[in-house]
$ cat start_37.cif   # mmCIF, C-alpha atoms
data_final
loop_
_atom_site.label_atom_id
_atom_site.label_comp_id
_atom_site.auth_asym_id
_atom_site.auth_seq_id
_atom_site.Cartn_x
_atom_site.Cartn_y
_atom_site.Cartn_z
CA MET A 282 60.03 34.65 -41.57
CA SER A 283 59.03 35.08 -37.93
CA THR A 284 57.42 32.29 -35.93
CA PRO A 285 53.63 32.40 -36.22
CA THR A 286 53.32 32.61 -32.44
CA ALA A 287 49.57 33.04 -32.01
CA TYR A 288 48.75 30.22 -34.39
CA VAL A 289 51.23 27.77 -32.87
CA LEU A 290 50.06 28.71 -29.39
CA ALA A 291 46.47 27.86 -30.27
CA LEU A 292 47.45 24.38 -31.48
CA ALA A 293 49.72 23.90 -28.46
CA ASP A 294 46.93 24.84 -26.06
CA ASP A 295 44.51 22.39 -27.72
CA ALA A 296 46.96 19.55 -27.12
CA LEU A 297 47.93 20.71 -23.61
CA ILE A 298 44.40 21.10 -22.27
CA SER A 299 43.19 17.87 -23.87
CA SER A 300 46.15 16.10 -22.28
CA GLN A 301 45.25 17.52 -18.86
CA ARG A 302 41.68 16.24 -19.21
CA LEU A 303 42.86 12.77 -20.26
CA GLY A 304 45.14 12.60 -17.24
CA TRP A 305 42.06 12.73 -15.02
CA TRP A 306 41.15 9.24 -16.26
CA ILE A 307 44.21 7.54 -14.84
CA SER A 308 42.83 5.16 -12.18
CA ARG A 309 39.25 5.99 -13.24
CA ALA A 310 38.92 4.22 -16.63
CA PRO A 311 36.66 1.14 -16.91
CA GLN A 312 39.67 -1.19 -16.81
CA LEU A 313 43.37 -0.97 -15.98
CA GLU A 314 44.28 -1.49 -19.65
CA GLU A 315 42.25 1.61 -20.54
CA ASP A 316 43.96 3.64 -17.79
CA VAL A 317 47.25 2.97 -19.55
CA ALA A 318 45.82 3.63 -23.02
CA MET A 319 44.37 7.00 -22.01
CA ALA A 320 47.59 7.95 -20.23
CA ASN A 321 49.59 7.05 -23.35
CA ILE A 322 47.35 9.17 -25.53
CA GLY A 323 47.45 12.06 -23.06
CA LEU A 324 51.24 11.87 -22.97
CA ASP A 325 51.42 11.89 -26.77
CA GLN A 326 49.38 15.09 -26.72
CA LEU A 327 51.56 16.53 -23.97
CA GLY A 328 54.61 15.83 -26.14
CA GLN A 329 53.00 17.71 -29.01
CA ALA A 330 52.11 20.57 -26.67
CA ARG A 331 55.66 20.82 -25.34
CA ALA A 332 57.20 20.98 -28.80
CA LEU A 333 54.67 23.57 -29.96
CA LEU A 334 54.96 25.66 -26.77
CA SER A 335 58.74 25.69 -27.09
CA LEU A 336 58.40 26.83 -30.69
CA ALA A 337 55.88 29.53 -29.78
CA GLY A 338 57.92 30.73 -26.81
CA ALA A 339 61.26 30.87 -28.62
CA ALA A 340 60.32 34.10 -30.40
CA THR A 341 59.58 35.93 -27.16
CA GLY A 342 62.07 34.28 -24.83
CA ARG A 343 59.47 32.36 -22.85
CA SER A 344 59.94 28.71 -21.91
CA GLU A 345 57.33 25.99 -22.32
CA ASP A 346 56.78 26.11 -18.55
CA ASP A 347 56.27 29.89 -18.61
CA LEU A 348 53.57 29.43 -21.22
CA ALA A 349 51.87 26.43 -19.64
CA TYR A 350 51.94 27.54 -16.01
CA LEU A 351 52.15 31.30 -15.91
CA ARG A 352 49.52 32.44 -18.38
CA ASN A 353 46.03 33.29 -17.19
CA GLU A 354 42.78 31.97 -18.57
CA ARG A 355 42.22 34.73 -21.11
CA ASP A 356 45.64 34.10 -22.65
CA PHE A 357 44.88 30.47 -23.50
CA ARG A 358 43.73 29.92 -27.07
CA ASN A 359 42.47 26.31 -27.05
CA VAL A 360 39.02 25.49 -28.41
CA CYS A 361 36.36 25.06 -25.72
CA LEU A 362 35.77 21.48 -26.92
CA VAL A 363 38.78 20.15 -25.02
CA GLU A 364 38.46 22.08 -21.75
CA ARG A 365 35.00 20.90 -20.71
CA GLU A 366 34.58 18.22 -18.07
CA GLN A 367 34.48 14.65 -19.27
CA ALA A 368 33.62 12.43 -16.34
CA ASP A 369 31.66 10.05 -18.58
CA PHE A 370 33.63 7.47 -20.55
CA GLY A 371 31.34 7.79 -23.58
CA VAL A 372 31.90 11.54 -23.64
CA ALA A 373 35.66 11.01 -23.36
CA MET A 374 35.61 8.67 -26.37
CA ALA A 375 33.27 10.87 -28.43
CA ARG A 376 35.53 13.84 -27.77
CA MET A 377 38.68 11.86 -28.52
CA LEU A 378 37.17 10.78 -31.82
CA VAL A 379 36.29 14.34 -32.82
CA PHE A 380 39.49 15.95 -31.57
CA SER A 381 41.93 13.31 -32.80
CA THR A 382 40.33 13.08 -36.24
CA TRP A 383 40.68 16.84 -36.54
CA GLN A 384 44.27 16.73 -35.24
CA HIS A 385 45.12 13.96 -37.69
CA GLU A 386 43.82 15.94 -40.68
CA LEU A 387 45.48 19.10 -39.37
CA TYR A 388 48.92 17.60 -38.73
CA SER A 389 48.83 15.73 -42.05
CA ALA A 390 48.29 19.03 -43.84
CA LEU A 391 50.77 20.92 -41.64
CA SER A 392 53.51 18.40 -42.47
CA GLY A 393 53.83 20.43 -45.64
CA SER A 394 54.00 23.79 -43.85
CA SER A 395 56.52 26.31 -45.12
CA ASP A 396 57.68 26.69 -41.49
CA ALA A 397 60.24 23.88 -41.20
CA MET A 398 59.88 23.43 -37.43
CA LEU A 399 56.11 23.34 -37.55
CA ALA A 400 56.28 20.85 -40.42
CA ALA A 401 58.64 18.57 -38.49
CA ILE A 402 56.58 18.63 -35.27
CA SER A 403 53.44 17.90 -37.28
CA ALA A 404 54.99 15.02 -39.22
CA LYS A 405 55.87 13.29 -35.94
CA ALA A 406 52.37 13.81 -34.57
CA VAL A 407 50.60 12.30 -37.59
CA LYS A 408 51.38 8.71 -36.56
CA GLU A 409 50.46 9.39 -32.93
CA THR A 410 47.10 10.89 -33.78
CA ALA A 411 46.33 8.09 -36.25
CA TYR A 412 46.45 5.72 -33.29
CA HIS A 413 44.30 8.02 -31.14
CA VAL A 414 41.63 8.02 -33.86
CA ASP A 415 41.83 4.24 -34.06
CA HIS A 416 41.45 3.85 -30.30
CA ALA A 417 38.43 6.14 -30.07
CA THR A 418 36.86 4.59 -33.17
CA HIS A 419 36.98 1.09 -31.73
CA TRP A 420 35.27 2.21 -28.52
CA VAL A 421 32.61 4.27 -30.29
CA LEU A 422 31.81 1.30 -32.54
CA ARG A 423 31.50 -1.09 -29.62
CA LEU A 424 29.48 1.21 -27.39
CA GLY A 425 27.30 2.52 -30.24
CA ASP A 426 26.61 -0.89 -31.68
CA GLY A 427 26.50 -2.64 -28.31
CA THR A 428 23.65 -3.02 -25.82
CA ASP A 429 20.59 -0.77 -25.71
CA GLU A 430 22.06 1.07 -22.75
CA SER A 431 25.52 1.53 -24.26
CA HIS A 432 23.92 2.74 -27.50
CA ALA A 433 21.79 5.32 -25.69
CA ARG A 434 24.70 6.57 -23.61
CA MET A 435 27.04 6.76 -26.60
CA GLN A 436 24.43 8.70 -28.57
CA ALA A 437 24.02 11.10 -25.65
CA ALA A 438 27.79 11.57 -25.56
CA VAL A 439 27.98 12.31 -29.28
CA ASP A 440 25.06 14.74 -28.93
CA ALA A 441 26.91 16.52 -26.11
CA GLU A 442 30.20 16.90 -28.01
CA TRP A 443 28.99 17.57 -31.55
CA PRO A 444 27.99 21.26 -31.13
CA TRP A 445 31.50 22.07 -29.85
CA ARG A 446 33.32 20.71 -32.91
CA ALA A 447 32.46 23.77 -35.01
CA GLU A 448 35.06 25.99 -33.36
CA LEU A 449 37.82 23.75 -34.74
CA PHE A 450 37.02 25.07 -38.20
CA GLU A 451 36.73 28.77 -37.39
CA THR A 452 39.16 31.21 -38.98
CA GLU A 453 38.36 34.31 -36.94
CA PHE A 454 41.54 34.11 -34.84
CA LEU A 455 43.89 33.49 -37.71
CA ASP A 456 46.05 35.99 -39.58
CA ASP A 457 45.11 35.40 -43.25
CA SER A 458 48.65 35.97 -44.45
CA LEU A 459 49.80 32.81 -42.63
CA VAL A 460 47.57 30.69 -44.85
CA ALA A 461 48.66 32.59 -47.94
CA ASP A 462 52.31 32.04 -47.02
CA GLY A 463 51.76 28.30 -46.57
CA VAL A 464 52.65 28.42 -42.86
CA ALA A 465 49.19 27.64 -41.51
CA VAL A 466 46.36 25.42 -42.73
CA ASP A 467 43.03 27.10 -43.40
CA PRO A 468 40.86 25.62 -40.61
CA SER A 469 37.67 25.88 -42.65
CA GLY A 470 39.16 23.61 -45.30
CA LEU A 471 39.40 20.77 -42.75
CA GLN A 472 35.69 20.71 -41.97
CA GLY A 473 34.67 18.59 -44.98
CA PRO A 474 37.29 15.84 -44.60
CA VAL A 475 36.96 15.68 -40.79
CA GLU A 476 33.17 15.52 -40.72
CA GLN A 477 33.11 12.96 -43.50
CA ARG A 478 35.33 10.67 -41.42
CA LEU A 479 33.33 11.28 -38.24
CA GLU A 480 30.02 10.61 -39.94
CA ALA A 481 31.34 7.36 -41.40
CA VAL A 482 32.25 6.12 -37.91
CA LEU A 483 28.91 7.22 -36.44
CA HIS A 484 26.97 5.45 -39.20
CA GLN A 485 28.94 2.26 -38.69
CA ALA A 486 28.31 2.53 -34.95
CA THR A 487 24.52 2.81 -35.67
CA LEU A 488 24.56 6.33 -34.17
CA ASN A 489 22.84 9.41 -35.54
CA VAL A 490 24.79 12.43 -36.67
CA PRO A 491 23.32 15.17 -34.44
CA ASP A 492 21.38 17.87 -36.23
CA THR A 493 22.07 20.68 -33.78
CA THR A 494 23.30 24.24 -34.01
CA SER A 495 26.85 24.97 -33.00
CA ALA A 496 27.70 25.92 -29.45
CA TYR A 497 28.81 29.48 -28.72
CA SER A 498 32.46 28.65 -28.41
CA LYS A 499 35.15 31.33 -28.41
CA GLY A 500 38.16 29.69 -26.78
CA ARG A 501 40.31 30.72 -29.75
CA LEU A 502 39.70 34.33 -28.70
CA GLY A 503 40.47 33.61 -25.05
CA ARG A 504 36.88 33.46 -23.87
CA HIS A 505 36.46 30.13 -22.13
CA THR A 506 33.78 28.10 -20.39
CA GLU A 507 33.43 27.92 -16.63
CA ALA A 508 35.35 24.64 -16.54
CA MET A 509 38.59 26.27 -17.75
CA GLY A 510 39.36 28.14 -14.52
CA TYR A 511 39.11 25.00 -12.42
CA LEU A 512 41.25 23.06 -14.89
CA LEU A 513 43.98 25.72 -14.83
CA ALA A 514 43.88 25.98 -11.04
CA GLU A 515 44.67 22.28 -10.79
CA MET A 516 47.21 22.27 -13.62
CA GLN A 517 49.09 25.39 -12.50
CA HIS A 518 48.92 25.47 -8.73
CA LEU A 519 52.08 23.47 -8.05
CA HIS A 520 54.25 25.59 -10.31
CA ARG A 521 52.76 28.80 -8.96
CA SER A 522 53.03 27.74 -5.30
CA HIS A 523 56.64 26.65 -5.77
CA PRO A 524 58.11 28.75 -8.60
CA GLY A 525 60.71 26.85 -10.61
CA VAL A 526 59.96 23.55 -8.88
CA ASN A 527 61.53 20.58 -10.62
CA TRP A 528 61.95 16.86 -10.12
CA MET B 528 33.75 -4.91 -17.12
CA SER B 529 35.39 -7.53 -14.92
CA GLN B 530 33.64 -10.23 -16.94
CA GLU B 531 35.69 -9.44 -20.04
CA PRO B 532 37.69 -12.44 -21.21
CA LEU B 533 41.37 -12.92 -20.46
CA TRP B 534 43.96 -12.84 -23.25
CA GLU B 535 47.57 -13.99 -23.25
CA VAL B 536 49.99 -11.64 -24.97
CA PHE B 537 53.06 -12.66 -26.97
CA ILE B 538 55.56 -10.07 -28.17
CA ARG B 539 58.32 -10.41 -30.77
CA SER B 540 61.05 -8.02 -29.73
CA ARG B 541 62.67 -7.73 -33.17
CA ARG B 542 62.93 -9.38 -36.54
CA GLY B 543 64.35 -12.87 -36.40
CA MET B 544 63.32 -13.50 -32.80
CA SER B 545 60.33 -15.59 -31.83
CA HIS B 546 57.26 -14.31 -29.99
CA VAL B 547 57.70 -14.55 -26.22
CA HIS B 548 54.97 -14.54 -23.60
CA ALA B 549 54.76 -11.05 -22.09
CA GLY B 550 51.73 -11.29 -19.82
CA SER B 551 47.97 -11.20 -19.93
CA LEU B 552 45.14 -8.68 -20.01
CA HIS B 553 41.37 -8.29 -20.24
CA ALA B 554 39.55 -7.15 -23.37
CA ALA B 555 36.11 -7.50 -24.92
CA ASP B 556 37.36 -9.00 -28.19
CA ALA B 557 40.51 -9.76 -30.19
CA GLU B 558 40.86 -6.34 -31.81
CA MET B 559 40.64 -4.57 -28.47
CA ALA B 560 42.99 -7.10 -26.91
CA LEU B 561 45.58 -6.29 -29.58
CA ARG B 562 45.26 -2.57 -28.89
CA ASN B 563 45.40 -3.03 -25.13
CA ALA B 564 48.51 -5.15 -25.60
CA ARG B 565 50.08 -2.40 -27.65
CA ASP B 566 49.37 0.12 -24.90
CA VAL B 567 50.31 -2.03 -21.92
CA TYR B 568 53.27 -4.04 -23.22
CA THR B 569 54.99 -2.05 -26.01
CA ARG B 570 55.17 1.45 -24.50
CA ARG B 571 58.96 1.30 -24.37
CA GLN B 572 59.55 -0.12 -27.84
CA GLU B 573 59.52 -3.70 -26.59
CA GLY B 574 58.19 -5.15 -29.80
CA VAL B 575 57.62 -5.19 -33.54
CA SER B 576 54.83 -7.77 -33.55
CA ILE B 577 52.09 -8.83 -31.14
CA TRP B 578 49.99 -11.99 -30.87
CA VAL B 579 46.99 -12.21 -28.57
CA VAL B 580 45.46 -15.57 -27.75
CA PRO B 581 42.33 -16.27 -25.69
CA ALA B 582 43.63 -17.66 -22.42
CA SER B 583 40.86 -20.27 -22.59
CA ALA B 584 42.38 -21.61 -25.85
CA ILE B 585 45.62 -22.56 -24.15
CA GLU B 586 45.90 -26.14 -22.91
CA ALA B 587 48.64 -26.17 -20.30
CA SER B 588 50.51 -29.03 -18.72
CA SER B 589 49.64 -29.52 -15.10
CA PRO B 590 52.16 -29.21 -12.26
CA ASP B 591 50.71 -32.52 -10.96
CA GLU B 592 51.86 -34.26 -14.12
CA LYS B 593 55.36 -32.83 -13.89
CA ASP B 594 56.99 -36.13 -12.91
CA ALA B 595 55.35 -38.20 -15.64
CA PHE B 596 55.89 -35.52 -18.26
CA PHE B 597 59.45 -34.43 -17.71
CA ASP B 598 61.40 -36.77 -15.44
CA PRO B 599 61.67 -39.67 -17.95
CA ALA B 600 63.87 -37.47 -20.18
CA GLY B 601 66.29 -36.92 -17.31
CA ASP B 602 68.47 -40.01 -17.77
CA LYS B 603 68.40 -40.26 -21.59
CA VAL B 604 71.76 -38.64 -22.12
CA TYR B 605 72.02 -40.32 -25.53
CA ARG B 606 69.38 -37.86 -26.78
CA HIS B 607 71.93 -35.09 -26.56
CA PRO B 608 74.18 -34.92 -29.62
CA THR B 609 77.34 -35.13 -27.53
CA PHE B 610 78.63 -38.51 -28.81
CA TYR B 611 79.71 -37.35 -32.23
CA ASP B 612 83.21 -36.31 -33.17
CA VAL B 613 83.03 -33.00 -34.93
CA PRO B 614 85.48 -32.85 -37.83
CA GLU B 615 87.89 -29.99 -37.66
CA GLY B 616 87.01 -26.97 -39.70
CA VAL B 617 83.22 -27.40 -39.48
CA GLN B 618 81.69 -24.05 -38.77
CA HIS B 619 78.41 -22.90 -37.35
CA LEU B 620 77.95 -25.75 -34.89
#

$ encode --input "start_37.cif" --output "structure tokens"
Amino acid sequence: MSTPTAYVLALADDALISSQRLGWWISRAPQLEEDVAMANIGLDQLGQARALLSLAGAATGRSEDDLAYLRNERDFRNVCLVEREQADFGVAMARMLVFSTWQHELYSALSGSSDAMLAAISAKAVKETAYHVDHATHWVLRLGDGTDESHARMQAAVDAEWPWRAELFETEFLDDSLVADGVAVDPSGLQGPVEQRLEAVLHQATLNVPDTTSAYSKGRLGRHTEAMGYLLAEMQHLHRSHPGVNW
Amino acid sequence: MSQEPLWEVFIRSRRGMSHVHAGSLHAADAEMALRNARDVYTRRQEGVSIWVVPASAIEASSPDEKDAFFDPAGDKVYRHPTFYDVPEGVQHL
């Protein structure tokens, strides 16, 4: 059985781009302790991305660096959810809650993948993402059920992120045979469990579950938001300016 | 968030050891303090158990009282169990 390159690449790009966004917070979080926490979580995601990129690249002879630094915007397959700017701490936590809950459900299911490598990478990531969910949950609870101002800002953050969650459950990009063969997890099957968990946290945090239509989000097909080009420019410029640079 | 309370962190490095003071940090409440401690002090597998204690709950001896507190024990050599003959063959002493 050949490596399901496109599918693995999509999951790798989700983790890679989310990691890049989290890195922005180092030195900018509300407290030093949170700087370290967000860096830890970003590095966990980077570890997942590296393993998945290596797996995806092995079939075509490309290294993880080739895939991370030398692809152009249209070749990235991450959902738009993770690439957008997040210069507001509430937004960062709302997004972490959505993304990590989805990742946790996904990796739990993928631990049973018929692709042994994908199953092993996923099994390792389950524990990591469980902690990411926990971290985001505690912040969303405190900000949602905190002061009037923190409640309003947390609700605004949830409202901003919620429409972008839908792309996580889209199947358009996926080769159906991968699901049939037990390699991939049907993304649409994760929507129920993920949203149930998210809604439980929002209720406990005294926040409303937004009743909004989904955003037009086609990152899985390589069509990204404006923010993606700027993110890649920052992430890739060193490697492209100094090919093969290492330290 | 500079007004968040200070917590002292104690880490047990492995089973059978006691918790040892690792440092301090700020957090809004005990649950967040525990998570911050996990992130700040156990990134390199330093521990298997964490205690966090509000710094305000710790009553510490004062450096000013050092003489009265500790010096009187200095010349009480008989408090050390060095005046006993240990029978041959006794293990684990």

$ residues_around --input "start_37.cif" --residues "region 438-450 of chain A" --least-positions-apart "4" --cutoff "8 Å" --atoms "only C-alpha atoms" --output "list in words"
Val360, Cys361, Leu362, Gly371, Val372, Ala375, Arg376, Val379, Phe380, Trp383, Arg434, Pro468, Ser469, Gly470, Leu471, Gln472, Pro491, Thr493, Thr494, Ser495, Ala496, Tyr497, Ser498, Lys499 and Arg501 of chain A

$ interface_residues --input "start_37.cif" --of "chain B" --to "chain A" --cutoff "10 Å" --atoms "only C-alpha atoms" --output "list of chain:residue names"
B:Met528, B:Ser529, B:Glu531, B:Leu552, B:His553, B:Ala554, B:Ala555, B:Asp556, B:Glu558, B:Met559, B:Ala560, B:Arg562, B:Asn563, B:Ala564, B:Arg565, B:Asp566, B:Val567, B:Tyr568, B:Arg570

$ resolve_selection --input "start_37.cif" --expression "the PyMOL selection byres ((chain B and resi 582-599) around 7)" --output "VMD selection string"
chain B and resid 533 to 535 580 to 581 600 to 602

$ resolve_selection --input "start_37.cif" --expression "the PyMOL selection byres ((chain B and resi 575) around 8)" --output "ChimeraX atom specification"
/B:538-542,572-574,576-577

$ closest_residue --input "start_37.cif" --among "A:Asp356, A:Asp346, A:Asp426, A:Asp294" --to "Leu483 (chain A)" --atoms "all atoms listed in the file"
A:Asp426

$ atom_distance --input "start_37.cif" --atom1 "CA of Met398 (chain A)" --atom2 "CA of Gln477 (chain A)"
29.4 Å

$ resolve_selection --input "start_37.cif" --expression "the PyMOL selection byres ((chain A and resi 465) around 9)" --output "list in words"
Pro285, Tyr288, Val289, Ala390, Leu391, Ser394, Ser395, Asp396, Leu455, Asp457, Ser458, Leu459, Val460, Ala461, Asp462, Gly463, Val464, Val466, Asp467 and Pro468 of chain A

$ residues_near_point --input "start_37.cif" --point "(24.0, 8.2, -32.2)" --cutoff "8 Å" --atoms "all atoms listed in the file" --output "list in words"
Gly425, His432, Ala433, Met435, Gln436, Ala437, Val439, Asp440, Leu483, Ala486, Thr487, Leu488, Asn489, Val490 and Pro491 of chain A

$ atom_distance --input "start_37.cif" --atom1 "CA of Ser335 (chain A)" --atom2 "CA of Ala417 (chain A)"
28.3 Å

$ atom_distance --input "start_37.cif" --atom1 "CA of Ala373 (chain A)" --atom2 "CA of Arg571 (chain B)"
25.3 Å
